[in-house]
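Chemist: What follows is structure33.cif; its format and atoms are mmCIF, C-alpha atoms.
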data_start
loop_
_atom_site.label_atom_id
_atom_site.label_comp_id
_atom_site.auth_asym_id
_atom_site.auth_seq_id
_atom_site.Cartn_x
_atom_site.Cartn_y
_atom_site.Cartn_z
CA MET A 30 0.00 0.00 0.00
CA ALA A 31 1.38 3.42 -0.97
CA VAL A 32 2.26 5.76 1.87
CA MET A 33 0.38 9.04 1.59
CA ALA A 34 2.54 12.13 1.72
CA THR A 35 2.28 14.36 4.79
CA HIS A 36 2.33 18.13 4.29
CA VAL A 37 2.70 20.82 6.96
CA ILE A 38 1.06 24.02 5.69
CA THR A 39 0.89 27.53 7.12
CA GLY A 40 -1.71 29.98 5.85
CA ALA A 41 -4.23 27.28 4.91
CA GLY A 42 -7.15 29.44 6.00
CA SER A 43 -7.36 31.59 2.87
CA GLY A 44 -5.88 32.49 -0.50
CA ILE A 45 -3.01 30.41 -1.88
CA GLY A 46 -2.67 28.30 1.27
CA ALA A 47 -6.32 27.28 1.20
CA ALA A 48 -6.13 26.43 -2.51
CA VAL A 49 -3.07 24.22 -1.96
CA ALA A 50 -4.64 22.53 1.08
CA ARG A 51 -7.85 21.79 -0.84
CA ARG A 52 -5.94 20.19 -3.72
CA LEU A 53 -3.75 18.03 -1.47
CA HIS A 54 -6.71 17.07 0.72
CA ALA A 55 -8.79 16.09 -2.32
CA ARG A 56 -6.16 13.67 -3.52
CA GLY A 57 -5.94 11.97 -0.13
CA ASP A 58 -2.66 13.30 1.24
CA ASP A 59 -2.23 13.85 4.99
CA LEU A 60 -2.36 17.46 6.12
CA VAL A 61 -0.97 19.14 9.22
CA LEU A 62 -2.42 22.65 9.17
CA HIS A 63 -0.86 25.40 11.23
CA ALA A 64 -3.20 27.73 13.09
CA ARG A 65 -2.43 30.77 15.21
CA ASP A 66 -4.84 29.75 17.99
CA ALA A 67 -7.18 26.97 19.09
CA GLY A 68 -10.26 28.64 17.61
CA ARG A 69 -8.68 28.86 14.18
CA ALA A 70 -7.48 25.26 14.49
CA LYS A 71 -11.06 24.14 15.13
CA GLU A 72 -12.23 25.94 11.98
CA LEU A 73 -9.50 24.34 9.86
CA ALA A 74 -10.23 20.88 11.24
CA ALA A 75 -13.90 21.30 10.29
CA GLU A 76 -13.00 22.51 6.79
CA PHE A 77 -10.52 19.69 6.14
CA PRO A 78 -11.87 16.48 7.72
CA GLY A 79 -9.10 14.17 8.84
CA ALA A 80 -6.45 16.89 8.86
CA ARG A 81 -4.36 17.46 11.97
CA THR A 82 -3.68 20.93 13.32
CA LEU A 83 -0.67 22.58 14.88
CA VAL A 84 -1.16 25.69 17.00
CA GLY A 85 1.40 28.47 17.42
CA ASP A 86 1.56 32.20 16.87
CA LEU A 87 3.89 33.06 13.97
CA ALA A 88 4.01 36.64 15.25
CA ASP A 89 5.85 35.34 18.34
CA PRO A 90 8.48 32.93 16.98
CA ASP A 91 10.29 32.80 20.33
CA ARG A 92 7.29 30.91 21.72
CA LEU A 93 6.82 28.41 18.88
CA SER A 94 9.19 25.85 20.40
CA TRP A 95 7.29 25.98 23.70
CA ALA A 96 3.93 25.72 21.91
CA PHE A 97 5.03 22.72 19.86
CA SER A 98 6.44 20.94 22.93
CA HIS A 99 2.86 20.69 24.22
CA GLN A 100 1.53 19.10 21.01
CA SER A 101 2.27 15.95 19.07
CA LEU A 102 4.29 16.71 15.95
CA PRO A 103 4.02 14.41 12.92
CA ASP A 104 6.64 11.66 12.74
CA ARG A 105 6.78 11.96 8.97
CA VAL A 106 6.89 15.20 6.96
CA ASP A 107 7.22 15.10 3.18
CA SER A 108 6.78 18.80 2.60
CA LEU A 109 6.72 22.02 4.60
CA LEU A 110 4.83 24.80 2.84
CA HIS A 111 5.31 28.33 4.13
CA VAL A 112 2.32 30.24 2.77
CA ALA A 113 1.23 32.47 5.67
CA GLY A 114 2.23 36.12 5.50
CA VAL A 115 1.28 39.61 6.62
CA VAL A 116 1.64 42.98 4.94
CA ASP A 117 1.52 46.49 6.35
CA LEU A 118 2.34 49.18 3.83
CA GLY A 119 3.93 52.47 4.85
CA ARG A 120 6.74 54.83 4.10
CA VAL A 121 10.07 54.38 5.85
CA GLY A 122 9.51 57.72 7.54
CA ASP A 123 6.25 56.48 9.06
CA LEU A 124 6.68 52.77 9.85
CA THR A 125 7.23 51.96 13.53
CA PRO A 126 9.53 49.26 14.95
CA LYS A 127 6.36 47.34 15.92
CA SER A 128 5.28 47.16 12.28
CA TRP A 129 8.78 46.12 11.16
CA ARG A 130 9.00 43.42 13.83
CA HIS A 131 5.54 42.02 13.09
CA GLN A 132 6.26 41.57 9.38
CA LEU A 133 9.78 40.24 9.92
CA ASN A 134 8.57 37.79 12.57
CA VAL A 135 5.65 36.34 10.59
CA ASN A 136 7.24 36.46 7.14
CA LEU A 137 10.83 35.50 7.95
CA VAL A 138 11.76 34.47 11.50
CA ALA A 139 8.79 32.13 11.99
CA PRO A 140 9.44 30.26 8.69
CA ALA A 141 13.07 29.82 9.76
CA GLU A 142 11.98 28.48 13.15
CA LEU A 143 9.37 26.13 11.65
CA THR A 144 11.96 24.84 9.20
CA ARG A 145 14.40 24.19 12.04
CA HIS A 146 11.75 22.14 13.86
CA PHE A 147 10.86 19.97 10.88
CA LEU A 148 14.28 19.52 9.26
CA PRO A 149 14.90 16.11 10.91
CA GLN A 150 11.66 14.74 9.43
CA LEU A 151 12.33 16.39 6.06
CA ARG A 152 15.82 14.88 5.90
CA ALA A 153 14.45 11.45 6.76
CA SER A 154 11.83 11.62 3.99
CA ARG A 155 14.10 13.47 1.52
CA GLY A 156 11.28 15.98 1.46
CA GLN A 157 10.72 19.50 0.22
CA VAL A 158 10.38 23.00 1.64
CA ILE A 159 8.31 25.48 -0.35
CA PHE A 160 8.46 29.18 0.44
CA VAL A 161 5.66 31.27 -1.03
CA ASN A 162 7.48 34.56 -1.43
CA SER A 163 6.30 37.55 -3.47
CA GLY A 164 7.33 39.81 -6.30
CA ALA A 165 8.38 42.07 -3.41
CA GLY A 166 11.06 39.50 -2.62
CA LEU A 167 12.78 40.43 -5.88
CA SER A 168 12.29 44.20 -6.00
CA ALA A 169 11.18 46.81 -3.49
CA HIS A 170 9.01 49.83 -4.22
CA ALA A 171 7.87 52.89 -2.31
CA ASP A 172 5.67 52.07 0.71
CA TRP A 173 6.71 48.40 0.65
CA SER A 174 10.00 48.57 2.59
CA ALA A 175 9.22 46.37 5.62
CA TYR A 176 7.27 43.75 3.68
CA ALA A 177 9.86 43.65 0.89
CA ALA A 178 12.69 43.41 3.42
CA SER A 179 11.01 40.41 5.04
CA LYS A 180 10.54 38.77 1.63
CA HIS A 181 14.10 39.55 0.47
CA GLY A 182 15.18 37.88 3.72
CA LEU A 183 12.96 34.89 2.93
CA LYS A 184 14.74 34.51 -0.42
CA ALA A 185 18.09 34.46 1.41
CA LEU A 186 16.77 31.88 3.88
CA ALA A 187 15.62 29.63 1.03
CA ASP A 188 18.85 30.00 -0.95
CA SER A 189 21.01 29.17 2.08
CA LEU A 190 18.78 26.26 3.10
CA ARG A 191 18.91 24.82 -0.42
CA GLU A 192 22.69 24.80 -0.41
CA GLU A 193 22.91 23.42 3.12
CA GLU A 194 20.42 20.59 2.65
CA HIS A 195 21.07 19.53 -0.96
CA ALA A 196 23.33 16.67 0.14
CA ASN A 197 20.56 15.50 2.50
CA GLY A 198 18.14 15.21 -0.40
CA VAL A 199 15.90 18.07 0.75
CA ARG A 200 14.53 20.13 -2.13
CA VAL A 201 13.88 23.84 -1.62
CA THR A 202 11.58 25.86 -3.87
CA THR A 203 10.70 29.55 -3.75
CA VAL A 204 7.57 30.74 -5.54
CA TYR A 205 7.27 34.44 -6.35
CA PRO A 206 3.62 35.15 -7.19
CA GLY A 207 2.57 38.54 -8.50
CA ARG A 208 -0.63 40.05 -7.13
CA THR A 209 -3.03 37.23 -6.33
CA ALA A 210 -6.76 37.52 -5.62
CA SER A 211 -6.92 36.96 -1.85
CA PRO A 212 -7.94 38.66 1.40
CA MET A 213 -4.35 39.97 1.68
CA GLN A 214 -4.68 41.61 -1.73
CA ALA A 215 -7.95 43.20 -0.70
CA LYS A 216 -6.16 44.66 2.34
CA VAL A 217 -3.30 45.95 0.16
CA HIS A 218 -5.74 47.74 -2.13
CA GLN A 219 -7.46 49.24 0.89
CA GLN A 220 -4.12 50.52 2.19
CA GLU A 221 -3.31 51.88 -1.26
CA GLY A 222 -6.70 53.60 -1.47
CA LYS A 223 -7.61 51.70 -4.64
CA ASP A 224 -10.71 49.76 -5.71
CA TYR A 225 -10.18 46.00 -5.55
CA ASP A 226 -11.22 43.86 -8.52
CA PRO A 227 -10.16 40.24 -7.95
CA SER A 228 -10.72 39.37 -11.62
CA LYS A 229 -7.65 41.44 -12.54
CA TRP A 230 -5.26 39.34 -10.51
CA ILE A 231 -3.93 35.76 -10.39
CA ASP A 232 -6.37 33.13 -9.16
CA PRO A 233 -4.93 31.34 -6.08
CA GLU A 234 -5.74 28.06 -7.85
CA SER A 235 -3.21 28.93 -10.54
CA VAL A 236 -0.47 29.40 -7.95
CA ALA A 237 -1.57 26.14 -6.30
CA THR A 238 -1.15 24.37 -9.65
CA SER A 239 2.44 25.65 -9.84
CA ILE A 240 3.18 24.54 -6.27
CA LEU A 241 1.83 21.04 -6.90
CA MET A 242 3.95 20.83 -10.05
CA ALA A 243 7.07 21.57 -7.98
CA LEU A 244 6.02 19.04 -5.31
CA ASP A 245 5.26 16.29 -7.82
CA LEU A 246 8.34 16.80 -9.98
CA PRO A 247 10.38 13.58 -10.30
CA ARG A 248 13.34 13.34 -7.94
CA ASP A 249 15.93 13.86 -10.70
CA ALA A 250 14.98 17.57 -10.81
CA GLU A 251 14.24 20.46 -8.49
CA VAL A 252 12.43 23.74 -9.07
CA ASN A 253 14.55 26.37 -7.36
CA ASP A 254 12.74 29.60 -8.20
CA LEU A 255 9.37 30.08 -9.87
CA THR A 256 8.09 33.54 -10.80
CA ILE A 257 4.38 33.88 -11.57
CA ARG A 258 2.83 37.06 -12.96
CA PRO A 259 -0.75 38.09 -13.76
CA GLY A 260 -1.62 36.93 -17.25
CA ARG A 261 -4.32 39.51 -17.91
#
Please express what this file holds, its structure, as structure tokens.

Modeler:
Amino acid sequence: MAVMATHVITGAGSGIGAAVARRLHARGDDLVLHARDAGRAKELAAEFPGARTLVGDLADPDRLSWAFSHQSLPDRVDSLLHVAGVVDLGRVGDLTPKSWRHQLNVNLVAPAELTRHFLPQLRASRGQVIFVNSGAGLSAHADWSAYAASKHGLKALADSLREEEHANGVRVTTVYPGRTASPMQAKVHQQEGKDYDPSKWIDPESVATSILMALDLPRDAEVNDLTIRPGR
């Protein structure tokens, strides 16, 4: 009997993360869905029957180790998908240290800490880490400094991890989606003072298709970096 793959996913509650979780769940894979609190975990468990949940606040990475020590972590992990993220636009002259720390913690430090926790399982399974980055991880524009800095840092984390773990058989993929129709995008438009029309942007399902392609690629190859842009 084939062993179903086990995927740990952050950000499965909406947008790209939800699209990926739905696709993996539909094909019968095992899911371990991260949630920031017990209430959110209950909602995810109801949405994805049979999935396990893992509770910890990404905004407080120092406490993740403590939180995980009180829960049962999966023995097997075939992929770790970092999809959760936060954005708070603002000019350098206006952003506070609190805003910088929040975005750096959720978008960069927490993924590093989660990766550290699951590396033993990923090495054992010769698994894969997927970082959902952003176009802001490749270039930074006005009002995007803190978010772009966190995503540039995430690129560096992925590049270093790929080189460190290649000999252990762990594949590392970074996906750089352009603007994607999601609650985060709605918030960005609100912060920009613009009307939000989801039909203008990438469907999260399209990004999910790209992520599954990278996951399912035969072992003789590895997708390192994948840039996705709106096609309309």

Chemist: The PyMOL selection byres ((chain A and resi 148) around 12) on the file shown: which residues, as a VMD selection string?

Modeler: chain A and resid 37 104 to 109 140 to 147 149 to 158 190 to 191 193 to 194 197 to 201

Chemist: The selected residues should be written to file as a tab-separated table (two decimals), in the frame of the given file (atoms: C-alpha atoms).

Modeler:
chain	number	residue	atom	x	y	z
A	37	VAL	CA	2.70	20.82	6.96
A	104	ASP	CA	6.64	11.66	12.74
A	105	ARG	CA	6.78	11.96	8.97
A	106	VAL	CA	6.89	15.20	6.96
A	107	ASP	CA	7.22	15.10	3.18
A	108	SER	CA	6.78	18.80	2.60
A	109	LEU	CA	6.72	22.02	4.60
A	140	PRO	CA	9.44	30.26	8.69
A	141	ALA	CA	13.07	29.82	9.76
A	142	GLU	CA	11.98	28.48	13.15
A	143	LEU	CA	9.37	26.13	11.65
A	144	THR	CA	11.96	24.84	9.20
A	145	ARG	CA	14.40	24.19	12.04
A	146	HIS	CA	11.75	22.14	13.86
A	147	PHE	CA	10.86	19.97	10.88
A	149	PRO	CA	14.90	16.11	10.91
A	150	GLN	CA	11.66	14.74	9.43
A	151	LEU	CA	12.33	16.39	6.06
A	152	ARG	CA	15.82	14.88	5.90
A	153	ALA	CA	14.45	11.45	6.76
A	154	SER	CA	11.83	11.62	3.99
A	155	ARG	CA	14.10	13.47	1.52
A	156	GLY	CA	11.28	15.98	1.46
A	157	GLN	CA	10.72	19.50	0.22
A	158	VAL	CA	10.38	23.00	1.64
A	190	LEU	CA	18.78	26.26	3.10
A	191	ARG	CA	18.91	24.82	-0.42
A	193	GLU	CA	22.91	23.42	3.12
A	194	GLU	CA	20.42	20.59	2.65
A	197	ASN	CA	20.56	15.50	2.50
A	198	GLY	CA	18.14	15.21	-0.40
A	199	VAL	CA	15.90	18.07	0.75
A	200	ARG	CA	14.53	20.13	-2.13
A	201	VAL	CA	13.88	23.84	-1.62

Chemist: I'd like the residues picked by the PyMOL selection byres ((chain A and resi 67-83) around 10) written out as a VMD selection string, using the chain letters and numbers from the file.

Modeler: chain A and resid 35 to 39 41 to 42 47 50 to 51 54 to 55 57 to 66 84 to 85 96 to 97 100 to 103

Chemist: I'd like the neighbourhood of Asp117 in chain A as a list in words, where a residue qualifies if any of its atoms comes within 8 Å (using only C-alpha atoms), though same-chain residues fewer than 2 positions away should be ignored.

Modeler: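 Contacts, with the query itself left out: Val115, Gly119, Ser128, Gln132, Trp173, Ala175, Tyr176 and Val217 of chain A.
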
Chemist: I'd like the neighbourhood of Gly40 in chain A as a ChimeraX atom specification, where a residue qualifies if any of its atoms comes within 6 Å (using only C-alpha atoms), though same-chain residues fewer than 2 positions away should be ignored.

Modeler: /A:42,46,112-113

Chemist: For those residues, write C-alpha atoms to a file as a compact mmCIF listing (two decimals), in the frame of the given file.

Modeler:
# COMPACT_ATOMS: atom_id res chain seq x y z
CA GLY A 42 -7.15 29.44 6.00
CA GLY A 46 -2.67 28.30 1.27
CA VAL A 112 2.32 30.24 2.77
CA ALA A 113 1.23 32.47 5.67

Chemist: Tell me, in Å to one decimal, how far CA of Asp232 in chain A is from CA of Ser43 in chain A.

Modeler: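 Calculated distance between CA of Asp232 in chain A and CA of Ser43 in chain A is 12.2 Å.
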
Chemist: Excluding same-chain residues fewer than 6 positions from Ala177 in chain A, what lies within 9 Å of it counting only C-alpha atoms, as a ChimeraX atom specification?

Modeler: /A:163-170

Chemist: Export, as a short mmCIF file (atom, residue, chain, number, x, y, z; two decimals), in the coordinates of the input, the selected residues with C-alpha atoms.

Modeler:
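The result, stored in out38.cif:
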data_model
loop_
_atom_site.label_atom_id
_atom_site.label_comp_id
_atom_site.auth_asym_id
_atom_site.auth_seq_id
_atom_site.Cartn_x
_atom_site.Cartn_y
_atom_site.Cartn_z
CA SER A 163 6.30 37.55 -3.47
CA GLY A 164 7.33 39.81 -6.30
CA ALA A 165 8.38 42.07 -3.41
CA GLY A 166 11.06 39.50 -2.62
CA LEU A 167 12.78 40.43 -5.88
CA SER A 168 12.29 44.20 -6.00
CA ALA A 169 11.18 46.81 -3.49
CA HIS A 170 9.01 49.83 -4.22
#
